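To start, the structure itself, in structure tokens.
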Amino acid sequence: MAIQTAAAKGSSNEFESLKELIHGKLVEKLDLTRLSELEGDSLRREIRVVVEHLCDTENPMLNRSERERLVEEVLDEAFGFGPLELLLKEEGVADIMINGPKNVFLEKNGRIVKSDVTFRDDEHLLQILDRIVSKVGRRVDETSPMVDARLPDGSRLNAIIPPLALDGPSLTIRRFGSNPLTLEDLLKFGAFTPEMVMFLEGGMKARLNMIISGGTGSGKTTLLNTLSSFISNEDRIITIEDAAELQLQQDHVLRLETRPPNIEGKGQVSATDLVKNALRMRPDRIIIGECRGGETLDMLQAMNTGHDGSLTTVHANNPRDAISRIETLVNMSGVELPLTALRKQIASAVNLIIQANRLQGGPRKVTYITEIVGMEQDTIVMQDIFVFVQDGIDENGKAWGHFEATGVRPRCIEQLEAAGVRLPPGIFQQRVLHSP
């Protein structure tokens, strides 16, 4: 067994050495700096012919599958993101976590597993990272060792490099494929029920302001994309994000992205700057990918001054925590507001909080749809319209449960009806709801 393992390791080393040799000879033959300026499958096909010739020259004994794998990996090194291409092509991967060149982990089907894919060394991983961030106008080096960026398929990348990362460059990639999950997909997976969707669709059409709350990996962005599908194609929508990942399908969408400071520490454009500018651009709706700081106050003021139907997300574990989180973020704006005045702003601006949670074992659920109904003295009054109740853990370690309508008729129903939205009678009747 040990002899077999050693043989396999030796074979792997020989393959890597051959790949490095062929890639080096390809670099000698071609001006690879020009490849980024050229596009199209025809270029890749031409380079493939060169690589195949090099393979046959350097090692004519390779079998067909080894030769094809070698050609693809050399092309990935030249054109793409090297070993990362293999991970991005793998089906069913939600997150890619790279802890240095030799420790790569994937989240598949709600579980984290170690991948066989590795990078040669820190320098190799840094080269791939630099190729990614340079394409979106970002940079990563010792003076700016942390970066957010996006991949061509829309996936979001966060990276941190030495000296802050002690074990080599660390990358975390949240996958957002070219085919985002649809409403039908989320219904099929049991993220919510048809009754909940009808209410949320009505709320979007009636231009209710909504905040999607949830923890990391709970599906906030997917849910935001899904809700945005209910927006009229006639509305002018402005989106504001740190790393663009929203995939709205409407025609009239203006996408804005923040910019970090340059190497001299100048030129930063924050979300607050973009929100203030967006208000001068005649938006019908403003969508902020995630409220993380002082822009939250500007968002609330926009919701309170005629930009109804706006959306954003915040990190929080439940609807009540979402309110506390918003209060904290507003305080980061530097504007000192009395707590009562701030809560009045929130109560008058926000109609619904939609709570998303990732439960044990991986399933993602909308656990609360909660309405903000106003103020009582210094407290924001909220009422749950729909909830998810966890019943237990199955034999595979996955949480399971059921959805309930609480029996509360939301106050915003008058707003829905005024907008021409007619919901089925009894939709809010207290009962257990069944997923399709």
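Letters for chains follow the order of the structure tokens (A, B, ...), residue numbers begin at 1 for each chain, and ligand numbers begin at 1 in the order shown.
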So that I can check the surroundings of region 111-123 of chain A, please list as a VMD selection string every protein, DNA and RNA residue that reaches within 10 Å of it, counting only C-alpha atoms and ignoring chain neighbours fewer than 3 positions away. chain A and resid 16 20 82 to 84 86 to 87 93 to 98 100 to 108 126 to 129 161 to 162 167 to 170 360 to 362
Which residues are close to region 374-383 of chain A, i.e. within 6 Å by only C-alpha atoms, leaving aside same-chain residues fewer than 2 positions away? Reply as a PyMOL selection string. chain A and resi 340+347+370-372
Show which residues sit within 9 Å of region 255-261 of chain A, as an NGL selection string. Count only C-alpha atoms, and ignore same-chain residues fewer than 2 positions away. :A and (137-138 or 147 or 237-244 or 246 or 253 or 263-271 or 273-274 or 278)
Would you mind exporting N, CA and C atoms of the selected residues as an mmCIF file, in the first residue's frame?
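The resulting file, out.cif, is reproduced below:
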```cif
data_model
loop_
_atom_site.group_PDB
_atom_site.id
_atom_site.type_symbol
_atom_site.label_atom_id
_atom_site.label_comp_id
_atom_site.auth_asym_id
_atom_site.auth_seq_id
_atom_site.Cartn_x
_atom_site.Cartn_y
_atom_site.Cartn_z
ATOM 1 N N GLY A 137 -9.813 45.741 -11.690
ATOM 2 C CA GLY A 137 -9.282 47.014 -11.227
ATOM 3 C C GLY A 137 -8.939 47.057 -9.758
ATOM 4 N N ARG A 138 -8.736 45.892 -9.145
ATOM 5 C CA ARG A 138 -8.333 45.854 -7.740
ATOM 6 C C ARG A 138 -6.857 45.455 -7.668
ATOM 7 N N VAL A 147 -8.476 41.980 -0.074
ATOM 8 C CA VAL A 147 -9.168 42.440 -1.271
ATOM 9 C C VAL A 147 -10.477 41.687 -1.455
ATOM 10 N N ILE A 237 -33.810 51.033 -11.735
ATOM 11 C CA ILE A 237 -33.220 50.426 -10.538
ATOM 12 C C ILE A 237 -31.736 50.762 -10.494
ATOM 13 N N ILE A 238 -31.273 51.224 -9.338
ATOM 14 C CA ILE A 238 -29.843 51.459 -9.145
ATOM 15 C C ILE A 238 -29.344 50.511 -8.058
ATOM 16 N N THR A 239 -28.330 49.712 -8.388
ATOM 17 C CA THR A 239 -27.752 48.781 -7.409
ATOM 18 C C THR A 239 -26.389 49.310 -6.963
ATOM 19 N N ILE A 240 -26.092 49.107 -5.684
ATOM 20 C CA ILE A 240 -24.830 49.567 -5.092
ATOM 21 C C ILE A 240 -24.218 48.400 -4.332
ATOM 22 N N GLU A 241 -22.983 48.042 -4.699
ATOM 23 C CA GLU A 241 -22.342 46.870 -4.098
ATOM 24 C C GLU A 241 -20.854 47.119 -3.908
ATOM 25 N N ASP A 242 -20.256 46.352 -2.993
ATOM 26 C CA ASP A 242 -18.795 46.370 -2.839
ATOM 27 C C ASP A 242 -18.138 45.528 -3.925
ATOM 28 N N ALA A 243 -18.705 44.369 -4.197
ATOM 29 C CA ALA A 243 -18.252 43.518 -5.309
ATOM 30 C C ALA A 243 -19.511 43.061 -6.022
ATOM 31 N N ALA A 244 -19.695 43.509 -7.246
ATOM 32 C CA ALA A 244 -20.963 43.289 -7.950
ATOM 33 C C ALA A 244 -21.267 41.810 -8.097
ATOM 34 N N LEU A 246 -25.070 40.935 -7.823
ATOM 35 C CA LEU A 246 -26.500 40.858 -8.113
ATOM 36 C C LEU A 246 -26.700 40.618 -9.605
ATOM 37 N N VAL A 253 -31.436 48.838 -15.457
ATOM 38 C CA VAL A 253 -30.661 48.646 -14.230
ATOM 39 C C VAL A 253 -29.325 49.368 -14.381
ATOM 40 N N ILE A 263 -2.821 53.115 -4.141
ATOM 41 C CA ILE A 263 -1.615 52.832 -3.349
ATOM 42 C C ILE A 263 -1.211 54.021 -2.477
ATOM 43 N N GLU A 264 -1.638 55.249 -2.894
ATOM 44 C CA GLU A 264 -1.345 56.434 -2.066
ATOM 45 C C GLU A 264 -2.435 56.694 -1.035
ATOM 46 N N GLY A 265 -3.429 55.803 -0.986
ATOM 47 C CA GLY A 265 -4.516 55.970 -0.032
ATOM 48 C C GLY A 265 -5.576 56.948 -0.489
ATOM 49 N N LYS A 266 -5.594 57.259 -1.785
ATOM 50 C CA LYS A 266 -6.557 58.211 -2.323
ATOM 51 C C LYS A 266 -7.506 57.529 -3.301
ATOM 52 N N GLY A 267 -8.583 58.259 -3.627
ATOM 53 C CA GLY A 267 -9.481 57.775 -4.676
ATOM 54 C C GLY A 267 -10.577 56.836 -4.220
ATOM 55 N N GLN A 268 -10.714 56.634 -2.908
ATOM 56 C CA GLN A 268 -11.747 55.724 -2.425
ATOM 57 C C GLN A 268 -13.140 56.291 -2.701
ATOM 58 N N VAL A 269 -14.025 55.424 -3.146
ATOM 59 C CA VAL A 269 -15.440 55.777 -3.301
ATOM 60 C C VAL A 269 -16.239 54.779 -2.467
ATOM 61 N N SER A 270 -16.882 55.260 -1.418
ATOM 62 C CA SER A 270 -17.581 54.386 -0.476
ATOM 63 C C SER A 270 -19.031 54.183 -0.892
ATOM 64 N N ALA A 271 -19.690 53.244 -0.219
ATOM 65 C CA ALA A 271 -21.114 53.007 -0.467
ATOM 66 C C ALA A 271 -21.928 54.255 -0.117
ATOM 67 N N ASP A 273 -20.975 57.360 -0.471
ATOM 68 C CA ASP A 273 -20.829 58.262 -1.618
ATOM 69 C C ASP A 273 -21.772 57.861 -2.746
ATOM 70 N N LEU A 274 -21.844 56.553 -3.005
ATOM 71 C CA LEU A 274 -22.654 56.071 -4.122
ATOM 72 C C LEU A 274 -24.147 56.234 -3.852
ATOM 73 N N ALA A 278 -26.577 58.291 -6.059
ATOM 74 C CA ALA A 278 -27.709 57.594 -6.682
ATOM 75 C C ALA A 278 -29.007 58.374 -6.514
#
```
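Comparing A:Asp185, A:Glu336, A:Asp384, A:Glu290 by their smallest distance to Leu352 (chain A), the closest is A:Asp384 (using only C-alpha atoms).
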Please give the complete set of residues from region 303-416 of chain A that DSSP, run on the backbone, assigns to strand (DSSP E or B), formatted as a ChimeraX atom specification. /A:311-315,352-358,364-376,379-393,399-405
Can I get the selection written as a short mmCIF file (atom, residue, chain, number, x, y, z; two decimals), in the first residue's frame, with N, CA and C atoms?
```cif
data_model
loop_
_atom_site.label_atom_id
_atom_site.label_comp_id
_atom_site.auth_asym_id
_atom_site.auth_seq_id
_atom_site.Cartn_x
_atom_site.Cartn_y
_atom_site.Cartn_z
N LEU A 311 -34.50 47.73 -1.47
CA LEU A 311 -34.08 46.47 -0.85
C LEU A 311 -32.64 46.57 -0.38
N THR A 312 -32.32 45.86 0.69
CA THR A 312 -30.94 45.69 1.11
C THR A 312 -30.83 44.45 1.98
N THR A 313 -29.60 44.08 2.34
CA THR A 313 -29.38 42.95 3.25
C THR A 313 -28.52 43.40 4.41
N VAL A 314 -28.67 42.73 5.55
CA VAL A 314 -27.81 42.96 6.71
C VAL A 314 -27.47 41.61 7.33
N HIS A 315 -26.36 41.60 8.07
CA HIS A 315 -25.97 40.39 8.80
C HIS A 315 -26.64 40.40 10.17
N LEU A 352 -40.93 45.33 5.88
CA LEU A 352 -40.78 43.89 6.15
C LEU A 352 -39.32 43.53 6.38
N ILE A 353 -39.10 42.59 7.29
CA ILE A 353 -37.80 41.96 7.46
C ILE A 353 -37.96 40.48 7.11
N ILE A 354 -37.14 40.03 6.17
CA ILE A 354 -37.19 38.63 5.73
C ILE A 354 -35.93 37.97 6.27
N GLN A 355 -36.10 37.01 7.15
CA GLN A 355 -34.96 36.38 7.80
C GLN A 355 -34.60 35.08 7.08
N ALA A 356 -33.34 34.98 6.65
CA ALA A 356 -32.84 33.75 6.03
C ALA A 356 -31.83 33.10 6.97
N ASN A 357 -31.92 31.80 7.11
CA ASN A 357 -30.98 31.07 7.97
C ASN A 357 -30.50 29.80 7.28
N ARG A 358 -29.24 29.48 7.52
CA ARG A 358 -28.68 28.20 7.08
C ARG A 358 -28.70 27.28 8.29
N ARG A 364 -31.18 25.77 3.63
CA ARG A 364 -31.41 27.20 3.82
C ARG A 364 -32.91 27.48 3.78
N LYS A 365 -33.38 28.21 4.75
CA LYS A 365 -34.82 28.47 4.88
C LYS A 365 -35.07 29.96 5.16
N VAL A 366 -36.22 30.44 4.69
CA VAL A 366 -36.72 31.74 5.15
C VAL A 366 -37.43 31.45 6.46
N THR A 367 -36.82 31.81 7.58
CA THR A 367 -37.34 31.40 8.89
C THR A 367 -38.36 32.39 9.46
N TYR A 368 -38.33 33.63 8.98
CA TYR A 368 -39.33 34.62 9.42
C TYR A 368 -39.65 35.57 8.28
N ILE A 369 -40.91 35.91 8.13
CA ILE A 369 -41.30 37.12 7.41
C ILE A 369 -42.03 37.97 8.44
N THR A 370 -41.40 39.07 8.81
CA THR A 370 -41.84 39.88 9.94
C THR A 370 -42.17 41.29 9.48
N GLU A 371 -43.29 41.81 9.96
CA GLU A 371 -43.71 43.16 9.61
C GLU A 371 -43.37 44.13 10.74
N ILE A 372 -42.86 45.30 10.37
CA ILE A 372 -42.68 46.39 11.34
C ILE A 372 -43.94 47.24 11.29
N VAL A 373 -44.61 47.36 12.42
CA VAL A 373 -45.93 48.01 12.42
C VAL A 373 -45.92 49.40 13.06
N GLY A 374 -44.81 49.81 13.67
CA GLY A 374 -44.77 51.16 14.25
C GLY A 374 -43.98 51.20 15.54
N MET A 375 -44.31 52.19 16.37
CA MET A 375 -43.58 52.42 17.62
C MET A 375 -44.55 52.40 18.79
N GLU A 376 -44.10 51.86 19.90
CA GLU A 376 -44.78 51.99 21.19
C GLU A 376 -43.76 52.53 22.17
N THR A 379 -39.95 51.63 21.70
CA THR A 379 -39.73 50.29 21.15
C THR A 379 -40.39 50.14 19.78
N ILE A 380 -39.65 49.54 18.85
CA ILE A 380 -40.21 49.21 17.53
C ILE A 380 -41.08 47.97 17.67
N VAL A 381 -42.32 48.07 17.22
CA VAL A 381 -43.26 46.95 17.33
C VAL A 381 -43.21 46.13 16.04
N MET A 382 -43.07 44.81 16.22
CA MET A 382 -42.97 43.90 15.08
C MET A 382 -43.94 42.76 15.26
N GLN A 383 -44.39 42.17 14.14
CA GLN A 383 -45.23 40.98 14.23
C GLN A 383 -44.84 39.99 13.13
N ASP A 384 -44.73 38.72 13.54
CA ASP A 384 -44.38 37.67 12.59
C ASP A 384 -45.60 37.27 11.77
N ILE A 385 -45.44 37.22 10.45
CA ILE A 385 -46.52 36.82 9.55
C ILE A 385 -46.39 35.33 9.20
N PHE A 386 -45.17 34.92 8.84
CA PHE A 386 -44.87 33.51 8.55
C PHE A 386 -43.59 33.15 9.30
N VAL A 387 -43.54 31.91 9.79
CA VAL A 387 -42.34 31.44 10.50
C VAL A 387 -42.01 30.01 10.09
N PHE A 388 -40.74 29.64 10.29
CA PHE A 388 -40.31 28.25 10.12
C PHE A 388 -40.02 27.69 11.50
N VAL A 389 -40.57 26.52 11.80
CA VAL A 389 -40.37 25.87 13.10
C VAL A 389 -39.55 24.59 12.87
N GLN A 390 -38.38 24.53 13.49
CA GLN A 390 -37.55 23.33 13.35
C GLN A 390 -38.08 22.23 14.26
N ASP A 391 -38.25 21.03 13.68
CA ASP A 391 -38.79 19.91 14.45
C ASP A 391 -37.72 18.94 14.92
N GLY A 392 -36.57 18.93 14.28
CA GLY A 392 -35.53 18.00 14.70
C GLY A 392 -34.41 17.89 13.68
N ILE A 393 -33.57 16.86 13.87
CA ILE A 393 -32.44 16.56 12.99
C ILE A 393 -32.61 15.14 12.46
N ALA A 399 -31.22 19.46 9.59
CA ALA A 399 -32.38 19.95 10.32
C ALA A 399 -33.62 19.87 9.44
N TRP A 400 -34.76 19.59 10.05
CA TRP A 400 -36.02 19.58 9.30
C TRP A 400 -37.11 20.20 10.16
N GLY A 401 -38.18 20.64 9.50
CA GLY A 401 -39.25 21.28 10.25
C GLY A 401 -40.39 21.65 9.32
N HIS A 402 -41.18 22.64 9.72
CA HIS A 402 -42.35 23.03 8.92
C HIS A 402 -42.56 24.54 9.00
N PHE A 403 -43.28 25.07 8.01
CA PHE A 403 -43.65 26.48 7.98
C PHE A 403 -45.04 26.67 8.56
N GLU A 404 -45.24 27.82 9.18
CA GLU A 404 -46.55 28.14 9.74
C GLU A 404 -46.96 29.56 9.36
N ALA A 405 -48.25 29.73 9.11
CA ALA A 405 -48.83 31.08 9.07
C ALA A 405 -49.29 31.37 10.49
#
```
Residues near Leu183 (chain A), anyone? I mean within 12 Å using only C-alpha atoms, not counting same-chain ones fewer than 5 positions away, as a VMD selection string. chain A and resid 188 to 194 196 to 198 200 to 201 222 to 230
CA of Gly203 (chain A) and CA of Asn351 (chain A), how far apart in Å? 9.0 Å
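Here CA of Pro363 (chain A) is placed at a distance of 13.5 Å from CA of Gly214 (chain A).
Each of A:Ile231, A:Pro163, A:Asn277, A:Glu195 was compared to His434 (chain A) using only C-alpha atoms, and A:Glu195 turns out to be the nearest.
Distance check against Pro410 (chain A) using only C-alpha atoms: of A:Met281, A:Asn396, A:Gln250, A:Phe428, the minimum falls on A:Phe428.
The space separating CA of Thr305 (chain A) from CA of Val335 (chain A) comes to 18.3 Å.
If only C-alpha atoms are the atoms counted, then among A:Ala316, A:Ala341, A:Leu433, A:Leu187 the closest residue to Thr216 (chain A) is A:Ala316.
For Gly309 (chain A), the set of protein, DNA and RNA residues having any atom at most 9 Å away, when counting only C-alpha atoms and skipping those fewer than 6 positions along the same chain, is Gly203, Met204, Lys205, Ala206, Arg207, Leu208, Asn209, Met210, Ile231, Asp284, Arg285, Ile286, Ile287 and Met303 of chain A.
Nearest to Leu337 (chain A) of all the residues A:Asn304, A:Pro152, A:Leu297, A:Thr406 is A:Leu297, counting only C-alpha atoms.
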Residue among A:Arg431, A:His307, A:Arg325, A:Arg150 lying closest to Arg280 (chain A), counting only C-alpha atoms: A:His307
Name the residues in contact with Leu423 (chain A) at a cut-off of 9 Å, using only C-alpha atoms, excluding same-chain residues fewer than 2 positions from it; report them as a compact mmCIF listing (two decimals) with C-alpha atoms, in the first residue's frame.
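Writing the result to result20.txt gives the following:
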```txt
# COMPACT_ATOMS: atom_id res chain seq x y z
CA MET A 198 -47.39 35.31 -3.00
CA PHE A 199 -47.12 37.71 -0.07
CA GLY A 202 -47.40 41.38 -3.60
CA ILE A 413 -52.40 44.56 3.35
CA LEU A 416 -51.09 45.93 -1.23
CA GLU A 417 -54.76 46.30 -2.08
CA VAL A 421 -52.64 43.27 -5.35
CA PRO A 425 -58.69 34.78 1.17
CA GLY A 426 -57.36 32.84 4.12
CA ILE A 427 -53.71 33.13 3.10
```
With a distance cut-off of 8 Å and only C-alpha atoms, select the neighbouring residues of Ala149 (chain A), excluding the residue or stretch itself and same-chain residues fewer than 4 positions from it, and output the selection as a PyMOL selection string. chain A and resi 132-133+136+138+156-158+243
